[in-house]
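Peer 1: The following block contains the structure, expressed as C-alpha coordinates.
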Amino acid sequence: MSTYNSLNAKNILRRLKTELNLSTDTQLADLLGKVPSTLSTWKKRNSLDYELVLALCEKYGMNYSWIFHGVPTEELGRVNTIIDKKSIDGIAPRLNEPLNDYDAEFSQVEYYPQAYASAGHGLIAEEKAPLYLSFRKYFINNTLNSSAKDLVVLRVKGDSMEPEIMSDDDILVDRSRNKPRFGPAYLIRLDDVLHCKLIQTFGEERWRIMSKNPSYESFDINPKTDPIEIIGEVVWWGRKSKYL
(Lines give C-alpha, C1' and ligand atoms only; values in the text may rest on other atoms or scores of the structure.)
Protein backbone atom coordinates (compact mmCIF):
# COMPACT_ATOMS: atom_id res chain seq x y z
CA MET A 1 0.00 0.00 0.00
CA SER A 2 1.30 3.44 -0.90
CA THR A 3 0.70 6.37 1.43
CA TYR A 4 1.15 10.12 1.29
CA ASN A 5 0.35 11.62 4.64
CA SER A 6 0.08 15.27 3.57
CA LEU A 7 -3.23 14.31 1.92
CA ASN A 8 -6.17 14.14 4.31
CA ALA A 9 -7.65 10.64 4.33
CA LYS A 10 -10.86 11.71 6.07
CA ASN A 11 -11.59 14.35 3.45
CA ILE A 12 -10.79 11.99 0.59
CA LEU A 13 -13.18 9.36 1.93
CA ARG A 14 -15.85 12.00 2.57
CA ARG A 15 -15.60 13.31 -1.01
CA LEU A 16 -15.75 9.76 -2.36
CA LYS A 17 -19.01 9.15 -0.49
CA THR A 18 -20.45 12.45 -1.72
CA GLU A 19 -19.56 11.79 -5.37
CA LEU A 20 -20.92 8.24 -5.21
CA ASN A 21 -24.07 9.25 -3.29
CA LEU A 22 -23.21 6.95 -0.39
CA SER A 23 -24.28 7.66 3.16
CA THR A 24 -22.09 5.27 5.18
CA ASP A 25 -18.51 4.06 5.37
CA THR A 26 -19.85 0.51 5.11
CA GLN A 27 -21.21 1.21 1.62
CA LEU A 28 -17.91 2.74 0.54
CA ALA A 29 -15.95 -0.14 2.05
CA ASP A 30 -18.04 -2.58 0.01
CA LEU A 31 -17.17 -0.75 -3.22
CA LEU A 32 -13.49 -0.78 -2.28
CA GLY A 33 -13.60 -4.47 -1.34
CA LYS A 34 -12.65 -3.72 2.25
CA VAL A 35 -14.24 -4.17 5.67
CA PRO A 36 -15.51 -1.00 7.39
CA SER A 37 -12.80 -1.20 10.06
CA THR A 38 -10.18 -0.68 7.35
CA LEU A 39 -11.62 2.75 6.59
CA SER A 40 -11.57 3.58 10.30
CA THR A 41 -7.89 2.65 10.41
CA TRP A 42 -7.14 4.79 7.35
CA LYS A 43 -8.75 7.78 9.05
CA LYS A 44 -6.83 7.28 12.29
CA ARG A 45 -3.49 6.84 10.50
CA ASN A 46 -4.24 9.36 7.75
CA SER A 47 -3.19 6.80 5.16
CA LEU A 48 -4.91 5.20 2.18
CA ASP A 49 -4.50 2.49 -0.40
CA TYR A 50 -4.14 5.05 -3.18
CA GLU A 51 -4.00 2.52 -5.99
CA LEU A 52 -7.39 1.21 -4.87
CA VAL A 53 -8.92 4.68 -4.55
CA LEU A 54 -7.55 5.70 -7.96
CA ALA A 55 -9.06 2.59 -9.52
CA LEU A 56 -12.44 3.52 -8.01
CA CYS A 57 -12.12 7.07 -9.37
CA GLU A 58 -11.34 5.72 -12.82
CA LYS A 59 -14.20 3.23 -12.74
CA TYR A 60 -16.82 5.86 -11.91
CA GLY A 61 -15.31 8.76 -13.86
CA MET A 62 -14.50 10.91 -10.83
CA ASN A 63 -12.03 13.79 -11.08
CA TYR A 64 -8.79 13.09 -9.22
CA SER A 65 -8.24 16.78 -8.49
CA TRP A 66 -11.45 17.01 -6.50
CA ILE A 67 -11.27 13.63 -4.75
CA PHE A 68 -7.65 13.92 -3.58
CA HIS A 69 -7.12 17.65 -3.15
CA GLY A 70 -10.57 19.23 -2.96
CA VAL A 71 -9.96 21.61 -5.87
CA PRO A 72 -13.42 23.25 -6.13
CA THR A 73 -15.55 22.97 -9.25
CA GLU A 74 -15.15 26.63 -10.18
CA GLU A 75 -11.36 26.23 -10.21
CA LEU A 76 -11.25 23.16 -12.44
CA GLY A 77 -11.12 25.13 -15.66
CA ARG A 78 -8.01 26.99 -14.47
CA VAL A 79 -6.19 24.60 -12.20
CA ASN A 80 -5.37 20.93 -12.26
CA THR A 81 -3.78 18.75 -9.65
CA ILE A 82 -2.21 15.74 -11.32
CA ILE A 83 -2.14 12.31 -9.70
CA ASP A 84 0.40 10.19 -11.55
CA LYS A 85 -0.85 6.62 -11.31
CA LYS A 86 2.55 5.29 -12.34
CA SER A 87 4.37 6.91 -9.43
CA ILE A 88 1.95 6.86 -6.52
CA ASP A 89 4.75 6.94 -3.94
CA GLY A 90 5.75 10.35 -5.27
CA ILE A 91 2.30 11.95 -5.38
CA ALA A 92 2.69 15.71 -5.58
CA PRO A 93 0.15 18.41 -6.52
CA ARG A 94 1.00 20.55 -9.52
CA LEU A 95 -1.26 23.58 -9.69
CA ASN A 96 -0.02 25.23 -12.85
CA GLU A 97 -1.23 22.84 -15.52
CA PRO A 98 -4.51 23.29 -17.43
CA LEU A 99 -7.23 20.72 -17.03
CA ASN A 100 -7.36 19.19 -20.49
CA ASP A 101 -10.25 16.90 -19.70
CA TYR A 102 -12.67 19.59 -18.44
CA ASP A 103 -15.09 19.06 -21.32
CA ALA A 104 -14.96 15.33 -20.75
CA GLU A 105 -15.81 15.75 -17.06
CA PHE A 106 -18.45 18.48 -17.14
CA SER A 107 -21.46 19.61 -19.16
CA GLN A 108 -22.77 23.15 -19.48
CA VAL A 109 -26.47 23.61 -18.67
CA GLU A 110 -28.45 26.72 -19.59
CA TYR A 111 -29.37 28.87 -16.58
CA TYR A 112 -32.05 31.58 -16.64
CA PRO A 113 -31.84 33.33 -13.25
CA GLN A 114 -34.32 36.00 -14.36
CA ALA A 115 -36.86 33.63 -15.94
CA TYR A 116 -38.97 32.88 -12.91
CA ALA A 117 -41.24 29.90 -12.40
CA SER A 118 -44.14 30.81 -10.18
CA ALA A 119 -44.76 28.83 -7.04
CA GLY A 120 -47.46 31.25 -6.05
CA HIS A 121 -49.90 33.45 -7.91
CA GLY A 122 -48.05 33.74 -11.19
CA LEU A 123 -45.15 35.50 -12.82
CA ILE A 124 -44.51 36.10 -16.49
CA ALA A 125 -41.23 34.53 -17.53
CA GLU A 126 -38.68 37.14 -18.53
CA GLU A 127 -36.76 35.62 -21.43
CA LYS A 128 -33.11 36.70 -21.53
CA ALA A 129 -29.91 35.20 -22.86
CA PRO A 130 -28.90 32.32 -20.58
CA LEU A 131 -25.96 31.96 -18.27
CA TYR A 132 -24.44 28.52 -17.88
CA LEU A 133 -23.84 26.21 -14.93
CA SER A 134 -21.40 23.29 -14.95
CA PHE A 135 -22.60 19.89 -13.82
CA ARG A 136 -20.47 16.77 -13.65
CA LYS A 137 -21.43 14.38 -16.44
CA TYR A 138 -21.39 11.48 -13.99
CA PHE A 139 -24.05 13.24 -11.90
CA ILE A 140 -26.22 13.98 -14.94
CA ASN A 141 -25.93 10.54 -16.49
CA ASN A 142 -25.90 8.28 -13.45
CA THR A 143 -27.67 10.14 -10.66
CA LEU A 144 -30.32 11.98 -12.69
CA ASN A 145 -30.45 9.52 -15.60
CA SER A 146 -30.71 12.56 -17.83
CA SER A 147 -28.92 14.13 -20.77
CA ALA A 148 -27.35 17.60 -20.53
CA LYS A 149 -29.06 18.75 -23.74
CA ASP A 150 -32.46 18.24 -22.08
CA LEU A 151 -31.68 20.21 -18.91
CA VAL A 152 -32.36 23.82 -18.01
CA VAL A 153 -32.08 25.73 -14.71
CA LEU A 154 -34.29 28.60 -13.60
CA ARG A 155 -35.45 30.22 -10.38
CA VAL A 156 -38.67 29.75 -8.44
CA LYS A 157 -40.63 32.63 -6.92
CA GLY A 158 -43.43 32.11 -4.41
CA ASP A 159 -44.19 29.74 -1.56
CA SER A 160 -46.78 27.35 -2.99
CA MET A 161 -44.29 24.45 -3.17
CA GLU A 162 -42.95 24.90 0.35
CA PRO A 163 -41.61 23.19 2.36
CA GLU A 164 -40.15 21.10 -0.48
CA ILE A 165 -39.15 23.83 -2.93
CA MET A 166 -38.67 27.29 -1.47
CA SER A 167 -38.94 30.71 -3.04
CA ASP A 168 -35.64 31.69 -4.72
CA ASP A 169 -34.57 28.05 -5.13
CA ASP A 170 -32.99 27.14 -8.46
CA ILE A 171 -34.65 24.13 -10.10
CA LEU A 172 -33.07 21.80 -12.64
CA VAL A 173 -35.68 20.71 -15.18
CA ASP A 174 -35.45 17.72 -17.52
CA ARG A 175 -37.39 18.71 -20.63
CA SER A 176 -37.46 15.13 -21.95
CA ARG A 177 -39.71 14.13 -19.05
CA ASN A 178 -42.94 15.83 -20.07
CA LYS A 179 -45.47 13.07 -19.38
CA PRO A 180 -47.19 13.78 -16.06
CA ARG A 181 -47.13 11.37 -13.15
CA PHE A 182 -48.08 12.08 -9.58
CA GLY A 183 -45.21 12.74 -7.22
CA PRO A 184 -42.54 14.93 -8.81
CA ALA A 185 -42.90 18.63 -9.42
CA TYR A 186 -43.20 19.89 -13.00
CA LEU A 187 -42.41 23.13 -14.73
CA ILE A 188 -45.55 23.97 -16.67
CA ARG A 189 -46.76 26.89 -18.75
CA LEU A 190 -50.34 28.11 -18.25
CA ASP A 191 -51.52 31.16 -20.19
CA ASP A 192 -47.88 32.11 -20.88
CA VAL A 193 -47.01 31.96 -17.18
CA LEU A 194 -44.46 29.46 -15.89
CA HIS A 195 -45.46 27.52 -12.78
CA CYS A 196 -43.78 24.89 -10.61
CA LYS A 197 -46.58 22.50 -9.61
CA LEU A 198 -47.66 18.92 -8.99
CA ILE A 199 -49.93 17.20 -11.51
CA GLN A 200 -52.44 14.46 -10.80
CA THR A 201 -54.17 12.94 -13.80
CA PHE A 202 -57.73 11.60 -13.99
CA GLY A 203 -57.87 10.29 -17.53
CA GLU A 204 -57.08 12.20 -20.71
CA GLU A 205 -59.37 15.17 -20.13
CA ARG A 206 -58.90 16.02 -16.47
CA TRP A 207 -55.70 17.02 -14.73
CA ARG A 208 -55.48 18.45 -11.22
CA ILE A 209 -52.84 21.14 -10.68
CA MET A 210 -51.64 21.03 -7.08
CA SER A 211 -49.29 22.76 -4.66
CA LYS A 212 -47.34 21.42 -1.69
CA ASN A 213 -48.38 24.33 0.49
CA PRO A 214 -51.93 23.62 1.77
CA SER A 215 -52.69 27.35 1.72
CA TYR A 216 -53.07 27.11 -2.05
CA GLU A 217 -56.13 25.47 -3.55
CA SER A 218 -55.86 22.86 -6.29
CA PHE A 219 -57.68 23.35 -9.57
CA ASP A 220 -58.63 21.14 -12.49
CA ILE A 221 -57.94 21.69 -16.16
CA ASN A 222 -58.71 19.89 -19.39
CA PRO A 223 -55.33 19.36 -21.13
CA LYS A 224 -57.09 18.99 -24.47
CA THR A 225 -58.73 22.42 -24.36
CA ASP A 226 -56.87 24.49 -21.77
CA PRO A 227 -53.59 26.21 -22.70
CA ILE A 228 -51.15 24.05 -20.73
CA GLU A 229 -47.67 22.94 -21.72
CA ILE A 230 -45.46 20.67 -19.61
CA ILE A 231 -41.93 22.00 -19.97
CA GLY A 232 -40.36 19.20 -17.95
CA GLU A 233 -39.90 17.42 -14.64
CA VAL A 234 -37.97 18.99 -11.77
CA VAL A 235 -35.13 16.55 -11.06
CA TRP A 236 -32.99 18.62 -8.66
CA TRP A 237 -33.07 21.90 -6.81
CA GLY A 238 -30.69 23.96 -4.74
CA ARG A 239 -30.82 26.98 -2.48
CA LYS A 240 -28.53 29.51 -0.92
CA SER A 241 -28.08 29.94 2.81
CA LYS A 242 -30.95 31.75 4.53
CA TYR A 243 -28.35 33.97 6.19
CA LEU A 244 -27.20 35.53 2.90
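Naming works like this for the C-alpha coordinates: A, B, ... for the chains as they're shown, residue 1 at the start of each chain, ligands 1 onward in shown order.
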Compile the contact shell of A:Ile231 as number ranges by chain: residues with an atom at most 7 Å away, counting only C-alpha atoms, same-chain residues fewer than 4 positions apart removed.

Peer 2: A: 175, 178, 187-189

Peer 1: Skipping near chain neighbours, those fewer than 2 positions away, what residues fall within 9 Å of stretch 17-19 of chain A using only C-alpha atoms, listed as an MDAnalysis selection string?

Peer 2: chainID A and resid 12:15 21:25 27:28 62 67 138:139

Peer 1: Given the selection you just returned, output its residues as a file containing N, CA and C atoms, formatted as an mmCIF file, in the first residue's frame.

Peer 2:
data_model
loop_
_atom_site.group_PDB
_atom_site.id
_atom_site.type_symbol
_atom_site.label_atom_id
_atom_site.label_comp_id
_atom_site.auth_asym_id
_atom_site.auth_seq_id
_atom_site.Cartn_x
_atom_site.Cartn_y
_atom_site.Cartn_z
ATOM 1 N N ILE A 12 -10.720 12.788 1.817
ATOM 2 C CA ILE A 12 -10.792 11.991 0.586
ATOM 3 C C ILE A 12 -11.953 11.006 0.661
ATOM 4 N N LEU A 13 -12.089 10.329 1.767
ATOM 5 C CA LEU A 13 -13.181 9.358 1.929
ATOM 6 C C LEU A 13 -14.536 10.068 1.944
ATOM 7 N N ARG A 14 -14.593 11.243 2.553
ATOM 8 C CA ARG A 14 -15.846 11.997 2.565
ATOM 9 C C ARG A 14 -16.249 12.410 1.150
ATOM 10 N N ARG A 15 -15.274 12.897 0.360
ATOM 11 C CA ARG A 15 -15.596 13.308 -1.005
ATOM 12 C C ARG A 15 -15.981 12.113 -1.865
ATOM 13 N N ASN A 21 -22.756 9.216 -3.935
ATOM 14 C CA ASN A 21 -24.071 9.254 -3.287
ATOM 15 C C ASN A 21 -24.226 8.136 -2.254
ATOM 16 N N LEU A 22 -23.196 7.957 -1.460
ATOM 17 C CA LEU A 22 -23.212 6.954 -0.390
ATOM 18 C C LEU A 22 -23.366 7.669 0.945
ATOM 19 N N SER A 23 -24.038 7.017 1.871
ATOM 20 C CA SER A 23 -24.285 7.657 3.162
ATOM 21 C C SER A 23 -23.443 7.080 4.293
ATOM 22 N N THR A 24 -22.832 5.917 4.088
ATOM 23 C CA THR A 24 -22.093 5.272 5.180
ATOM 24 C C THR A 24 -20.733 4.778 4.699
ATOM 25 N N ASP A 25 -19.817 4.631 5.665
ATOM 26 C CA ASP A 25 -18.509 4.055 5.370
ATOM 27 C C ASP A 25 -18.643 2.590 4.949
ATOM 28 N N GLN A 27 -20.933 1.257 3.057
ATOM 29 C CA GLN A 27 -21.209 1.212 1.624
ATOM 30 C C GLN A 27 -19.946 1.468 0.813
ATOM 31 N N LEU A 28 -19.151 2.439 1.253
ATOM 32 C CA LEU A 28 -17.913 2.738 0.544
ATOM 33 C C LEU A 28 -16.932 1.581 0.664
ATOM 34 N N MET A 62 -14.629 9.791 -11.765
ATOM 35 C CA MET A 62 -14.501 10.912 -10.833
ATOM 36 C C MET A 62 -13.191 11.654 -11.068
ATOM 37 N N ILE A 67 -11.259 14.696 -5.760
ATOM 38 C CA ILE A 67 -11.265 13.633 -4.753
ATOM 39 C C ILE A 67 -10.047 13.739 -3.835
ATOM 40 N N TYR A 138 -21.022 12.669 -14.758
ATOM 41 C CA TYR A 138 -21.395 11.480 -13.991
ATOM 42 C C TYR A 138 -22.698 11.717 -13.234
ATOM 43 N N PHE A 139 -22.838 12.906 -12.636
ATOM 44 C CA PHE A 139 -24.051 13.235 -11.896
ATOM 45 C C PHE A 139 -25.260 13.263 -12.825
#

Peer 1: If we count only C-alpha atoms and set the cut-off at 8 Å, which residues sit around A:Ile228, ignoring sequence neighbours fewer than 2 positions away in its own chain? Please answer as a list in words.

Peer 2: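 Final neighbour list, sorted by chain and number: Ile188, Arg189, Leu190, Asp191, Pro223, Asp226 and Ile230 of chain A.
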
Peer 1: Considering only strand (DSSP E or B) as DSSP defines it on the backbone, what residues of stretch 103-230 of chain A qualify? List them as number ranges by chain.

Peer 2: A: 106-118, 123-124, 131-136, 151-157, 170-174, 185-190, 193-201, 207-210, 219-221, 228-230

Peer 1: What lies within 8 Å of A:Arg177 using only C-alpha atoms, ignoring chain neighbours under 3 positions off, as a PDB file with all heavy atoms, in the first residue's frame?

Peer 2:
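Final file, around-v3.pdb:
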ATOM      1  N   ASP A 174     -35.720  18.617 -16.403  1.00  0.00           N
ATOM      2  CA  ASP A 174     -35.448  17.715 -17.522  1.00  0.00           C
ATOM      3  C   ASP A 174     -36.599  17.823 -18.508  1.00  0.00           C
ATOM      4  O   ASP A 174     -37.705  17.342 -18.251  1.00  0.00           O
ATOM      5  CB  ASP A 174     -35.301  16.276 -17.018  1.00  0.00           C
ATOM      6  CG  ASP A 174     -34.854  15.315 -18.108  1.00  0.00           C
ATOM      7  OD1 ASP A 174     -35.093  15.608 -19.301  1.00  0.00           O
ATOM      8  OD2 ASP A 174     -34.292  14.259 -17.777  1.00  0.00           O
ATOM      9  N   GLY A 232     -41.184  20.319 -18.376  1.00  0.00           N
ATOM     10  CA  GLY A 232     -40.364  19.198 -17.949  1.00  0.00           C
ATOM     11  C   GLY A 232     -40.506  18.924 -16.463  1.00  0.00           C
ATOM     12  O   GLY A 232     -41.180  19.650 -15.730  1.00  0.00           O
ATOM     13  N   GLU A 233     -39.860  17.857 -16.040  1.00  0.00           N
ATOM     14  CA  GLU A 233     -39.903  17.424 -14.642  1.00  0.00           C
ATOM     15  C   GLU A 233     -38.739  18.021 -13.863  1.00  0.00           C
ATOM     16  O   GLU A 233     -37.607  18.088 -14.348  1.00  0.00           O
ATOM     17  CB  GLU A 233     -39.838  15.901 -14.582  1.00  0.00           C
ATOM     18  CG  GLU A 233     -39.891  15.309 -13.181  1.00  0.00           C
ATOM     19  CD  GLU A 233     -39.807  13.793 -13.190  1.00  0.00           C
ATOM     20  OE1 GLU A 233     -40.401  13.159 -14.092  1.00  0.00           O
ATOM     21  OE2 GLU A 233     -39.130  13.239 -12.295  1.00  0.00           O
TER      22      GLU A 233
END

Peer 1: Excluding A:Ser241 and its own-chain neighbours fewer than 3 positions away, which residues fall within 12 Å of it when counting only C-alpha atoms? Please give them as a list of chain:residue names.

Peer 2: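 The neighbour list is A:Met166, A:Asp168, A:Asp169, A:Gly238, A:Leu244.
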